[in-house]
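Colleague: Got protein.txt for you, compact mmCIF, C-alpha atoms:
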# COMPACT_ATOMS: atom_id res chain seq x y z
CA MET A 1 -7.55 -20.46 -8.74
CA ASN A 2 -10.51 -20.10 -6.36
CA ALA A 3 -12.96 -17.23 -6.76
CA GLY A 4 -11.76 -15.33 -3.69
CA LEU A 5 -8.15 -15.48 -4.81
CA GLY A 6 -9.12 -14.54 -8.37
CA GLU A 7 -10.92 -11.42 -7.17
CA ALA A 8 -7.94 -10.49 -5.01
CA VAL A 9 -5.53 -10.88 -7.94
CA GLU A 10 -7.73 -8.56 -10.02
CA LEU A 11 -7.59 -6.06 -7.16
CA LEU A 12 -3.80 -6.45 -7.07
CA ASP A 13 -3.59 -5.79 -10.80
CA ARG A 14 -5.48 -2.49 -10.39
CA ALA A 15 -3.36 -1.57 -7.38
CA LEU A 16 -0.15 -2.08 -9.32
CA ALA A 17 -1.46 -0.05 -12.26
CA PHE A 18 -2.27 2.86 -9.96
CA THR A 19 1.13 2.74 -8.27
CA ARG A 20 3.07 2.43 -11.53
CA VAL A 21 1.66 5.82 -12.55
CA ALA A 22 2.73 7.34 -9.23
CA LEU A 23 6.25 5.98 -9.58
CA ALA A 24 6.66 7.70 -12.96
CA ASP A 25 7.19 11.03 -11.15
CA VAL A 26 10.01 9.81 -8.92
CA THR A 27 13.39 11.36 -9.67
CA HIS A 28 16.70 11.39 -7.84
CA GLU A 29 15.87 14.88 -6.59
CA THR A 30 12.57 13.75 -5.01
CA LEU A 31 14.06 10.92 -2.92
CA THR A 32 14.68 13.15 0.09
CA ARG A 33 11.17 14.60 0.16
CA PRO A 34 8.88 13.83 3.12
CA THR A 35 5.97 11.42 2.69
CA PRO A 36 2.72 10.89 4.58
CA CYS A 37 4.53 8.01 6.37
CA SER A 38 5.86 9.59 9.54
CA ALA A 39 9.66 10.10 9.53
CA TRP A 40 10.09 8.37 6.13
CA SER A 41 11.59 10.13 3.15
CA LEU A 42 10.50 9.04 -0.32
CA GLY A 43 13.73 7.04 -0.64
CA HIS A 44 12.99 5.16 2.60
CA LEU A 45 9.44 4.49 1.44
CA LEU A 46 10.64 3.03 -1.88
CA SER A 47 13.01 0.73 0.01
CA HIS A 48 10.13 -0.48 2.19
CA MET A 49 7.99 -1.05 -0.90
CA GLU A 50 10.73 -3.16 -2.46
CA ASP A 51 10.97 -5.36 0.63
CA ALA A 52 7.17 -5.75 0.68
CA LEU A 53 7.03 -6.76 -3.00
CA ASP A 54 9.65 -9.45 -2.33
CA ALA A 55 7.66 -10.84 0.62
CA PHE A 56 4.33 -10.87 -1.21
CA THR A 57 5.93 -12.56 -4.22
CA GLU A 58 7.53 -15.21 -2.01
CA ALA A 59 4.11 -15.86 -0.47
CA ALA A 60 2.89 -17.24 -3.82
CA SER A 61 5.02 -20.32 -3.11
CA GLY A 62 2.95 -20.99 0.00
CA SER A 63 5.24 -19.61 2.69
CA VAL A 64 7.23 -16.54 3.64
CA GLN A 65 10.56 -16.75 5.42
CA VAL A 66 10.61 -13.98 8.02
CA ASP A 67 14.13 -12.53 7.87
CA PRO A 68 15.59 -9.07 8.45
CA PRO A 69 15.45 -7.06 5.21
CA GLY A 70 18.59 -6.95 3.14
CA PRO A 71 20.08 -3.93 1.36
CA ALA A 72 17.36 -2.02 -0.49
CA SER A 73 17.44 -0.06 -3.73
CA ASP A 74 15.81 3.25 -4.56
CA GLN A 75 15.61 2.41 -8.24
CA VAL A 76 12.11 2.71 -9.68
CA ASP A 77 12.99 0.27 -12.45
CA VAL A 78 13.65 -2.42 -9.82
CA LEU A 79 10.25 -1.76 -8.27
CA ARG A 80 8.55 -2.05 -11.65
CA GLU A 81 10.27 -5.37 -12.36
CA LYS A 82 9.32 -6.74 -8.95
CA ALA A 83 5.73 -5.55 -9.37
CA CYS A 84 5.48 -7.51 -12.64
CA ALA A 85 7.00 -10.56 -10.93
CA LEU A 86 4.50 -10.27 -8.08
CA LEU A 87 1.48 -10.21 -10.37
CA GLY A 88 2.84 -13.05 -12.50
CA ALA A 89 3.53 -15.20 -9.45
CA TRP A 90 -0.02 -14.85 -8.14
CA ILE A 91 -1.66 -15.39 -11.54
CA ARG A 92 0.04 -18.81 -11.56
CA ALA A 93 -0.23 -19.57 -7.83
CA THR A 94 -2.74 -22.01 -6.35
CA PRO A 95 -1.86 -22.32 -2.63
CA THR A 96 -4.73 -23.09 -0.27
CA GLU A 97 -2.83 -21.49 2.60
CA VAL A 98 0.22 -19.26 2.99
CA VAL A 99 2.41 -19.83 6.02
CA VAL A 100 3.99 -16.64 7.38
CA GLY A 101 6.24 -17.43 10.32
CA ASP A 102 4.03 -19.74 12.39
CA ARG A 103 0.70 -18.45 11.05
CA GLY A 104 -1.43 -19.79 8.22
CA LEU A 105 -3.18 -17.13 6.14
CA ASP A 106 -5.90 -17.25 3.49
CA PRO A 107 -4.26 -16.55 0.10
CA GLY A 108 -7.06 -14.25 -1.07
CA LEU A 109 -6.84 -12.12 2.04
CA LEU A 110 -3.05 -11.98 1.78
CA VAL A 111 -3.18 -10.85 -1.86
CA GLY A 112 -5.83 -8.29 -0.92
CA THR A 113 -3.50 -7.04 1.79
CA ALA A 114 -0.74 -6.74 -0.81
CA ALA A 115 -3.07 -4.67 -3.00
CA LEU A 116 -3.92 -2.49 -0.01
CA GLU A 117 -0.29 -1.81 0.90
CA ILE A 118 0.78 -1.20 -2.70
CA THR A 119 -2.07 1.22 -3.38
CA VAL A 120 -1.74 3.26 -0.20
CA HIS A 121 2.01 3.54 -0.60
CA GLY A 122 1.42 4.52 -4.24
CA TRP A 123 -0.77 7.32 -2.87
CA ASP A 124 2.04 8.23 -0.45
CA VAL A 125 4.46 8.43 -3.38
CA SER A 126 2.10 10.67 -5.32
CA GLN A 127 1.82 13.01 -2.34
CA ALA A 128 5.60 13.24 -2.06
CA THR A 129 6.12 13.98 -5.76
CA GLY A 130 3.27 16.47 -5.95
CA ARG A 131 1.03 14.47 -8.32
CA THR A 132 -1.53 14.01 -5.50
CA ALA A 133 -3.41 11.36 -7.45
CA ARG A 134 -6.79 10.11 -6.21
CA ILE A 135 -7.25 6.37 -5.67
CA PRO A 136 -9.90 5.18 -8.17
CA ASP A 137 -13.25 4.73 -6.44
CA GLU A 138 -13.83 1.06 -7.33
CA LEU A 139 -10.31 0.15 -6.22
CA ALA A 140 -10.71 2.11 -2.99
CA ALA A 141 -14.04 0.42 -2.22
CA GLY A 142 -12.49 -3.04 -2.55
CA LEU A 143 -9.49 -2.06 -0.46
CA LEU A 144 -11.64 -0.56 2.28
CA ARG A 145 -13.28 -3.97 2.76
CA ILE A 146 -9.82 -5.53 3.04
CA ALA A 147 -8.59 -2.87 5.46
CA GLN A 148 -11.55 -3.44 7.75
CA GLN A 149 -10.56 -7.11 7.97
CA VAL A 150 -6.82 -6.78 8.48
CA VAL A 151 -6.31 -3.60 10.53
CA ASP A 152 -7.19 -4.18 14.18
CA PRO A 153 -6.82 -2.02 17.31
CA THR A 154 -3.35 -3.42 18.08
CA ASP A 155 -2.11 -1.90 14.79
CA ARG A 156 -3.13 1.61 15.81
CA GLY A 157 -0.26 3.84 16.90
CA THR A 158 2.30 1.43 15.42
CA ARG A 159 1.58 0.38 11.84
CA PHE A 160 -1.30 2.84 11.44
CA ASP A 161 -2.51 5.96 13.15
CA HIS A 162 -6.02 6.16 14.59
CA PRO A 163 -8.93 6.65 12.15
CA ARG A 164 -9.58 10.22 11.04
CA PRO A 165 -12.89 12.06 10.85
CA ILE A 166 -14.40 12.05 7.39
CA PRO A 167 -16.68 14.60 5.76
CA ALA A 168 -20.31 13.69 5.12
CA GLY A 169 -20.77 11.89 1.83
CA ALA A 170 -17.04 11.17 1.46
CA SER A 171 -15.94 9.04 -1.46
CA HIS A 172 -14.38 5.61 -0.96
CA ASP A 173 -10.82 6.89 -1.33
CA ILE A 174 -11.35 9.45 1.44
CA ARG A 175 -12.93 6.77 3.65
CA LEU A 176 -10.06 4.37 3.01
CA LEU A 177 -7.34 6.89 3.78
CA ALA A 178 -9.14 8.13 6.89
CA TYR A 179 -9.67 4.56 8.14
CA LEU A 180 -5.94 3.90 7.80
CA GLY A 181 -5.11 7.02 9.78
CA ARG A 182 -3.80 9.01 6.83
CA HIS A 183 -4.28 12.73 7.22
CA LEU A 184 -6.14 13.94 4.18
CA THR A 185 -3.71 16.78 3.76
CA GLY A 186 -0.08 15.75 3.78
CA PRO A 187 3.31 16.90 2.53
CA PRO A 188 3.62 18.32 0.00
CA GLY A 189 0.21 17.99 -1.73
CA GLN A 190 -3.44 17.93 -0.79
CA ILE A 191 -6.43 15.70 -1.31
CA PRO A 192 -9.98 16.94 -0.74
CA GLY A 193 -11.21 15.99 2.72
CA ASP A 194 -10.67 17.13 6.26
CA SER A 195 -8.97 20.53 6.07
CA ASN A 196 -8.10 20.47 9.77
CA THR A 197 -5.67 17.56 9.60
CA LEU A 198 -1.91 17.75 10.04
CA PRO A 199 0.88 16.34 7.87
CA ASP A 200 2.41 13.94 10.41
CA VAL A 201 1.05 10.38 10.15
CA ALA A 202 1.96 6.82 10.98
CA SER A 203 2.87 4.48 8.15
Do you think you could lay out the structure here as C-alpha cells?
Modeller:
Amino acid sequence: MNAGLGEAVELLDRALAFTRVALADVTHETLTRPTPCSAWSLGHLLSHMEDALDAFTEAASGSVQVDPPGPASDQVDVLREKACALLGAWIRATPTEVVVGDRGLDPGLLVGTAALEITVHGWDVSQATGRTARIPDELAAGLLRIAQQVVDPTDRGTRFDHPRPIPAGASHDIRLLAYLGRHLTGPPGQIPGDSNTLPDVAS
C-alpha cells in the first residue's frame, strides 16, 4: 500500500469511528426527523449512506459499476457491517487506479473522499438525533484538505451549498462544515459557529 493510500485509510478508520458513535443514537422513532441535508429525513440519509458504503467498498476492487441504487435499508446494524467491510477491503486493497464509469481516480483521493462523506454524514446524523457531536479537530483538518481538492464550483447548489462565513479563529470542524455549505446551526441541534445561519442546506 503506497503512503498516500495508507494515510487515507487511516483517515477512513477515524471517520468510521466517529460515525459509529453517531449511529448509536438512531432509533426507529428518529428516522423521520429532519437532517442538515435539505429535504432528507434521517431514514433517507441512512439509505444514502448505505449506497455510498457499497460503492466505496466496490472501488477497492479497482472499479465501480455505476448503476441505479437498489432497495435500501434503514437498519443501523447493516450500516455497521458495511462500514467494517469497507475498512477491511481498503486495508487489503492495492489498486493503482480506480475506474468509476469512464474516469480513472487516484485510490488515496477516493478513500479520502469516502472518509469525508462518511464523517460529514455522521455529523448530519448526530444533528438529527440531538447528540450534536463535534468532528475531532485532527480528523476535520485532514478532511478539509480533501474537500478543497474534490469540491469544485460545479458542485455548488447541487451536491453542496455555497461556502458559509466562518467566525475568526474558527476550529477545523467549523471550517470544514462551512466550506461544504453546512449551516452551523441545523435541525434539531446546534454547533458553535455562525449564529445567523438557517437550517436548510444542500446535501
Colleague: Pick out the residues sitting within 8 Å of Ala147 of chain A, and hand them over as a list in words; count all atoms listed in the file, and ignore anything fewer than 6 positions along from it in its own chain.
Modeller: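 Those residues are Thr113, Leu116, Leu176, Tyr179 and Leu180 of chain A.
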Colleague: Would you list the contacts of Ala22 of chain A as a VMD selection string, taking every protein, DNA or RNA residue within 8 Å and counting only C-alpha atoms, but skipping same-chain residues closer than 5 positions in sequence?
Modeller: chain A and resid 122 to 123 125 to 126 131 133
Colleague: Could you check which of A:Ala114, A:Val100, A:Ile91, A:Ile166 is closest to Gly6 of chain A, using only C-alpha atoms?
Modeller: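 Closest candidate: A:Ile91.
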Colleague: Between A:Leu12, A:Ile118, A:Val78, A:Leu177, single out the one closest to Pro165 of chain A, counting all atoms listed in the file.
Modeller: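 Residue with the minimum atom-to-atom distance to Pro165 of chain A: A:Leu177.
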Colleague: Please determine, counting all atoms listed in the file, which residue among A:Thr129, A:Ala60, A:Leu139, A:Glu81 has the shortest atom-to-atom distance to Thr96 of chain A.
Modeller: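 The closest residue to Thr96 of chain A is A:Ala60.
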Colleague: When distances are computed from only C-alpha atoms, which of A:Gly4, A:Gly88, A:Gly104, A:Pro36 shows the smallest separation from Gly181 of chain A?
Modeller: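 Looking at the shortest contact to Gly181 of chain A, the residue is A:Pro36.
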Colleague: Quick check, in Å to one decimal: how far apart do atom CA of Ala59 of chain A and atom CA of Pro107 of chain A lie?
Modeller: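 Pair atom CA of Ala59 of chain A / atom CA of Pro107 of chain A returns 8.4 Å.
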Colleague: Of the residues A:Ala128, A:Met49, A:Ala8, A:Val150, which is the one nearest to Leu87 of chain A, using only C-alpha atoms?
Modeller: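 Smallest separation from Leu87 of chain A among the options: A:Ala8.
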Colleague: Do you have the atom CA of Leu5 of chain A-atom CA of Gly112 of chain A distance handy?
Modeller: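 Value for the atom CA of Leu5 of chain A-atom CA of Gly112 of chain A distance: 8.5 Å.
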Colleague: Out of A:Glu117, A:Asp137, A:Glu97, A:Asp152, which residue has the shortest atom-to-atom distance to Asp51 of chain A when counting only C-alpha atoms?
Modeller: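 Counting only C-alpha atoms, the residue closest to Asp51 of chain A is A:Glu117.
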Colleague: Please compute the atom CA of Asp173 of chain A-atom CA of Ile135 of chain A distance, one decimal, in Å.
Modeller: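 For atom CA of Asp173 of chain A relative to atom CA of Ile135 of chain A, the distance reads 5.6 Å.
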Colleague: Residues near Lys82 of chain A, anyone? I mean within 8 Å using all atoms listed in the file, not counting same-chain ones fewer than 5 positions away, as an MDAnalysis selection string.
Modeller: chainID A and resid 50 53:54
Colleague: Select all residues near (0.6, -12.1, -4.0) (cut-off 6 Å, inclusive, file coordinates), counting all atoms listed in the file, and output them as a PyMOL selection string.
Modeller: chain A and resi 56-57+60+86+90+111
